Amino acid sequence: MSGGQETSARGLRPAWLPAWIKGLGTPVWITKSDGTVGYLNKRAETLLGRPASECIGRPCHRIIAGSDSSGRRWCTPNCSVFRLARGNSEIEPVSMRITSASGEFHWVDVLHITLVSPEPTGVWLVHCALGADRAHRIEEYLARVASRSPGHVEMNEPSSRLGLTPRESEILELLARDESLHAIADKTHVSYVTVRNHVQHILAKLGVHSIMEAVACYLLVRD
């Protein structure tokens, strides 16, 4: 740390941090104009599985090491996001997978905000990470179902070609809305046993083994 100015356990002195940064309830880290990490909050420490003392002053791309779904690195020494920030260009959110020190990974959508630096060397970049695990896991699950059942799931196949009766289609639509079997029985004015039998017929026709897989098939072809 230069000039004894960055003495906080998490890097930049609190006096240099805008109140809104300290009040954010998401993982936050700041990259200084030289590309090193200047600050990260407790939530960022948890996300990375690293204490701030291991991160402050080190290159941001090495600490964050974000990647896309194919494993290609988002974070590089020649950071494209920082180039946009220096050019005062609009910065779109970036979706990336961050792997913690323990090997656990999480998907996050990272929002970037430029910050006027107290130094004369250029802008700093504030990174705010929003959890995106659920959306990505659903997407990955649907992709697995599609690859496992190519004979039943075609993206351009009309739902009518799934071979379901109107009643079975109605029940599958309600399942996709996360309705329980008892709730479906009430809405369709049939018994619980009848709904359960319809579900078994749906699973057999789609060649799947669970309601979740059946719903995934339905969602893939519905649009």
# chains A, B, ... in the order shown; residues from 1 in each chain; ligands from 1
$ residues_around --residues "Leu17 in chain A" --least-positions-apart "2" --cutoff "12 Å" --atoms "only C-alpha atoms" --output "compact mmCIF listing (two decimals) with N, CA, C and O atoms, in the first residue's frame"
# COMPACT_ATOMS: atom_id res chain seq x y z
N GLU A 6 -3.75 3.34 2.58
CA GLU A 6 -4.74 2.27 2.52
C GLU A 6 -4.50 1.32 3.68
O GLU A 6 -3.87 0.28 3.54
N SER A 8 -6.99 0.20 5.93
CA SER A 8 -8.13 -0.59 6.36
C SER A 8 -7.88 -2.06 6.08
O SER A 8 -7.18 -2.42 5.12
N ARG A 10 -9.76 -4.05 4.77
CA ARG A 10 -10.32 -4.38 3.46
C ARG A 10 -9.84 -3.41 2.39
O ARG A 10 -10.44 -3.29 1.34
N GLY A 11 -8.75 -2.70 2.65
CA GLY A 11 -8.16 -1.89 1.60
C GLY A 11 -8.35 -0.41 1.80
O GLY A 11 -7.84 0.17 2.75
N LEU A 12 -9.09 0.21 0.89
CA LEU A 12 -9.24 1.65 0.89
C LEU A 12 -9.81 2.16 2.21
O LEU A 12 -10.71 1.54 2.79
N ARG A 13 -9.31 3.28 2.65
CA ARG A 13 -9.80 3.85 3.90
C ARG A 13 -11.30 4.12 3.83
O ARG A 13 -11.80 4.58 2.79
N PRO A 14 -12.06 3.87 4.91
CA PRO A 14 -13.51 4.13 4.90
C PRO A 14 -13.87 5.53 4.44
O PRO A 14 -14.90 5.74 3.81
N ALA A 15 -13.03 6.52 4.73
CA ALA A 15 -13.33 7.90 4.35
C ALA A 15 -13.38 8.05 2.84
O ALA A 15 -13.99 8.99 2.32
N ALA A 19 -20.93 6.33 0.92
CA ALA A 19 -21.82 5.62 1.85
C ALA A 19 -22.61 4.53 1.17
O ALA A 19 -22.86 3.47 1.76
N TRP A 20 -23.00 4.72 -0.09
CA TRP A 20 -23.82 3.71 -0.77
C TRP A 20 -23.05 2.42 -0.97
O TRP A 20 -23.65 1.33 -0.98
N ILE A 21 -21.72 2.49 -1.11
CA ILE A 21 -20.92 1.26 -1.27
C ILE A 21 -20.92 0.49 0.03
O ILE A 21 -21.12 -0.73 0.05
N LYS A 22 -20.71 1.19 1.13
CA LYS A 22 -20.67 0.51 2.44
C LYS A 22 -22.03 -0.06 2.81
O LYS A 22 -22.11 -0.98 3.61
N GLY A 23 -23.11 0.47 2.22
CA GLY A 23 -24.44 0.01 2.57
C GLY A 23 -24.99 -1.11 1.69
O GLY A 23 -26.07 -1.62 1.95
N LEU A 24 -24.26 -1.49 0.64
CA LEU A 24 -24.76 -2.52 -0.26
C LEU A 24 -24.75 -3.89 0.41
O LEU A 24 -23.81 -4.26 1.10
N VAL A 28 -19.20 -6.91 -3.08
CA VAL A 28 -18.68 -5.73 -3.76
C VAL A 28 -17.16 -5.73 -3.68
O VAL A 28 -16.59 -6.01 -2.62
N TRP A 29 -16.51 -5.43 -4.81
CA TRP A 29 -15.08 -5.18 -4.79
C TRP A 29 -14.77 -4.01 -5.71
O TRP A 29 -15.52 -3.73 -6.64
N ILE A 30 -13.69 -3.33 -5.43
CA ILE A 30 -13.28 -2.17 -6.23
C ILE A 30 -11.92 -2.47 -6.86
O ILE A 30 -10.98 -2.89 -6.18
N GLY A 38 -8.62 -2.87 -4.68
CA GLY A 38 -8.40 -1.86 -3.65
C GLY A 38 -9.33 -2.01 -2.46
O GLY A 38 -9.07 -1.44 -1.40
N TYR A 39 -10.42 -2.77 -2.66
CA TYR A 39 -11.40 -2.93 -1.57
C TYR A 39 -12.29 -4.12 -1.89
O TYR A 39 -12.58 -4.40 -3.07
N LEU A 40 -12.71 -4.84 -0.88
CA LEU A 40 -13.81 -5.79 -1.00
C LEU A 40 -14.49 -5.92 0.35
O LEU A 40 -13.84 -5.79 1.39
N ASN A 41 -15.81 -6.14 0.29
CA ASN A 41 -16.55 -6.24 1.54
C ASN A 41 -16.62 -7.69 2.03
O ASN A 41 -16.10 -8.61 1.38
N LEU A 115 -16.10 5.01 -10.60
CA LEU A 115 -15.98 5.83 -9.40
C LEU A 115 -14.82 6.80 -9.60
O LEU A 115 -13.75 6.41 -10.06
N VAL A 116 -15.06 8.06 -9.29
CA VAL A 116 -14.00 9.05 -9.40
C VAL A 116 -12.94 8.76 -8.35
O VAL A 116 -13.23 8.68 -7.15
N SER A 117 -11.72 8.59 -8.81
CA SER A 117 -10.63 8.23 -7.92
C SER A 117 -10.06 9.45 -7.21
O SER A 117 -9.97 10.53 -7.81
N PRO A 118 -9.67 9.30 -5.94
CA PRO A 118 -8.98 10.40 -5.26
C PRO A 118 -7.55 10.54 -5.76
O PRO A 118 -6.85 11.47 -5.39
N TRP A 124 -11.67 4.33 -10.95
CA TRP A 124 -11.77 3.05 -10.29
C TRP A 124 -13.07 2.41 -10.74
O TRP A 124 -13.99 3.10 -11.22
N VAL A 126 -16.20 -0.09 -9.57
CA VAL A 126 -16.92 -0.80 -8.52
C VAL A 126 -17.67 -1.98 -9.14
O VAL A 126 -18.40 -1.80 -10.12
$ residues_around --residues "Ile98 in chain A" --least-positions-apart "2" --cutoff "9 Å" --atoms "only C-alpha atoms" --output "PyMOL selection string"
chain A and resi 47-48+64-67+96+100+104-108
$ write_last_selection --atoms "C-alpha atoms" --output "PDB file, in the first residue's frame"
ATOM      1  CA  LEU A  47     -18.034 -15.393  -2.311  1.00  0.00           C
ATOM      2  CA  LEU A  48     -14.329 -15.771  -3.053  1.00  0.00           C
ATOM      3  CA  ILE A  64     -11.806 -12.924  -9.339  1.00  0.00           C
ATOM      4  CA  ALA A  65     -10.854 -15.258 -12.219  1.00  0.00           C
ATOM      5  CA  GLY A  66     -14.396 -15.237 -13.620  1.00  0.00           C
ATOM      6  CA  SER A  67     -15.282 -17.545 -16.514  1.00  0.00           C
ATOM      7  CA  MET A  96     -19.784 -15.046 -14.944  1.00  0.00           C
ATOM      8  CA  SER A 100     -13.975 -19.874  -4.556  1.00  0.00           C
ATOM      9  CA  GLU A 104     -17.106 -24.142  -4.923  1.00  0.00           C
ATOM     10  CA  PHE A 105     -18.479 -22.100  -7.813  1.00  0.00           C
ATOM     11  CA  HIS A 106     -21.305 -19.589  -8.057  1.00  0.00           C
ATOM     12  CA  TRP A 107     -22.888 -17.766 -10.985  1.00  0.00           C
ATOM     13  CA  VAL A 108     -23.192 -14.019 -10.550  1.00  0.00           C
TER      14      VAL A 108
END
$ closest_residue --among "A:Thr76, A:Thr36, A:Thr99, A:Thr165" --to "Gly57 in chain A" --atoms "only C-alpha atoms"
A:Thr36
$ atom_distance --atom1 "CA of Ile202 in chain A" --atom2 "CA of Arg167 in chain A"
10.3 Å
$ closest_residue --among "A:Pro93, A:Gly163, A:Gly25, A:Gly131" --to "Tyr218 in chain A" --atoms "only C-alpha atoms"
A:Gly163
$ closest_residue --among "A:Ser95, A:Gly103, A:Cys128, A:Gly122" --to "Ala44 in chain A" --atoms "only C-alpha atoms"
A:Cys128
$ residues_around --residues "Asn78 in chain A" --least-positions-apart "3" --cutoff "12 Å" --atoms "only C-alpha atoms" --output "JSON, numbers by chain"
{"A": [34, 35, 59, 60, 61, 62, 73, 74, 75, 81, 82, 83, 84]}
$ write_last_selection --atoms "N, CA and C atoms" --output "CSV table (one decimal), in the first residue's frame"
chain,number,residue,atom,x,y,z
A,34,ASP,N,-4.9,0.8,-11.6
A,34,ASP,CA,-3.7,0.0,-12.0
A,34,ASP,C,-4.1,-1.5,-12.1
A,35,GLY,N,-5.4,-1.8,-12.0
A,35,GLY,CA,-5.9,-3.1,-12.1
A,35,GLY,C,-5.8,-4.0,-10.9
A,59,PRO,N,-3.6,-8.3,-8.5
A,59,PRO,CA,-4.4,-8.1,-9.8
A,59,PRO,C,-5.8,-8.6,-9.7
A,60,CYS,N,-6.8,-7.8,-10.1
A,60,CYS,CA,-8.2,-8.2,-10.0
A,60,CYS,C,-8.5,-9.5,-10.8
A,61,HIS,N,-7.9,-9.6,-12.0
A,61,HIS,CA,-8.2,-10.7,-12.8
A,61,HIS,C,-7.8,-12.0,-12.2
A,62,ARG,N,-6.7,-12.0,-11.4
A,62,ARG,CA,-6.3,-13.2,-10.8
A,62,ARG,C,-7.1,-13.6,-9.5
A,73,ARG,N,-12.1,-17.7,-19.8
A,73,ARG,CA,-11.9,-16.7,-18.8
A,73,ARG,C,-12.5,-15.4,-19.2
A,74,TRP,N,-13.3,-14.8,-18.4
A,74,TRP,CA,-13.8,-13.4,-18.5
A,74,TRP,C,-12.8,-12.4,-18.1
A,75,CYS,N,-12.2,-12.8,-16.9
A,75,CYS,CA,-11.2,-11.9,-16.3
A,75,CYS,C,-9.8,-12.1,-16.9
A,81,VAL,N,-13.9,-4.6,-19.7
A,81,VAL,CA,-14.8,-3.8,-18.9
A,81,VAL,C,-14.0,-2.5,-18.5
A,82,PHE,N,-12.8,-2.6,-18.1
A,82,PHE,CA,-12.0,-1.5,-17.7
A,82,PHE,C,-11.8,-0.6,-18.9
A,83,ARG,N,-11.6,-1.1,-20.1
A,83,ARG,CA,-11.4,-0.3,-21.3
A,83,ARG,C,-12.6,0.5,-21.5
A,84,LEU,N,-13.8,-0.1,-21.4
A,84,LEU,CA,-15.0,0.7,-21.6
A,84,LEU,C,-15.2,1.8,-20.5
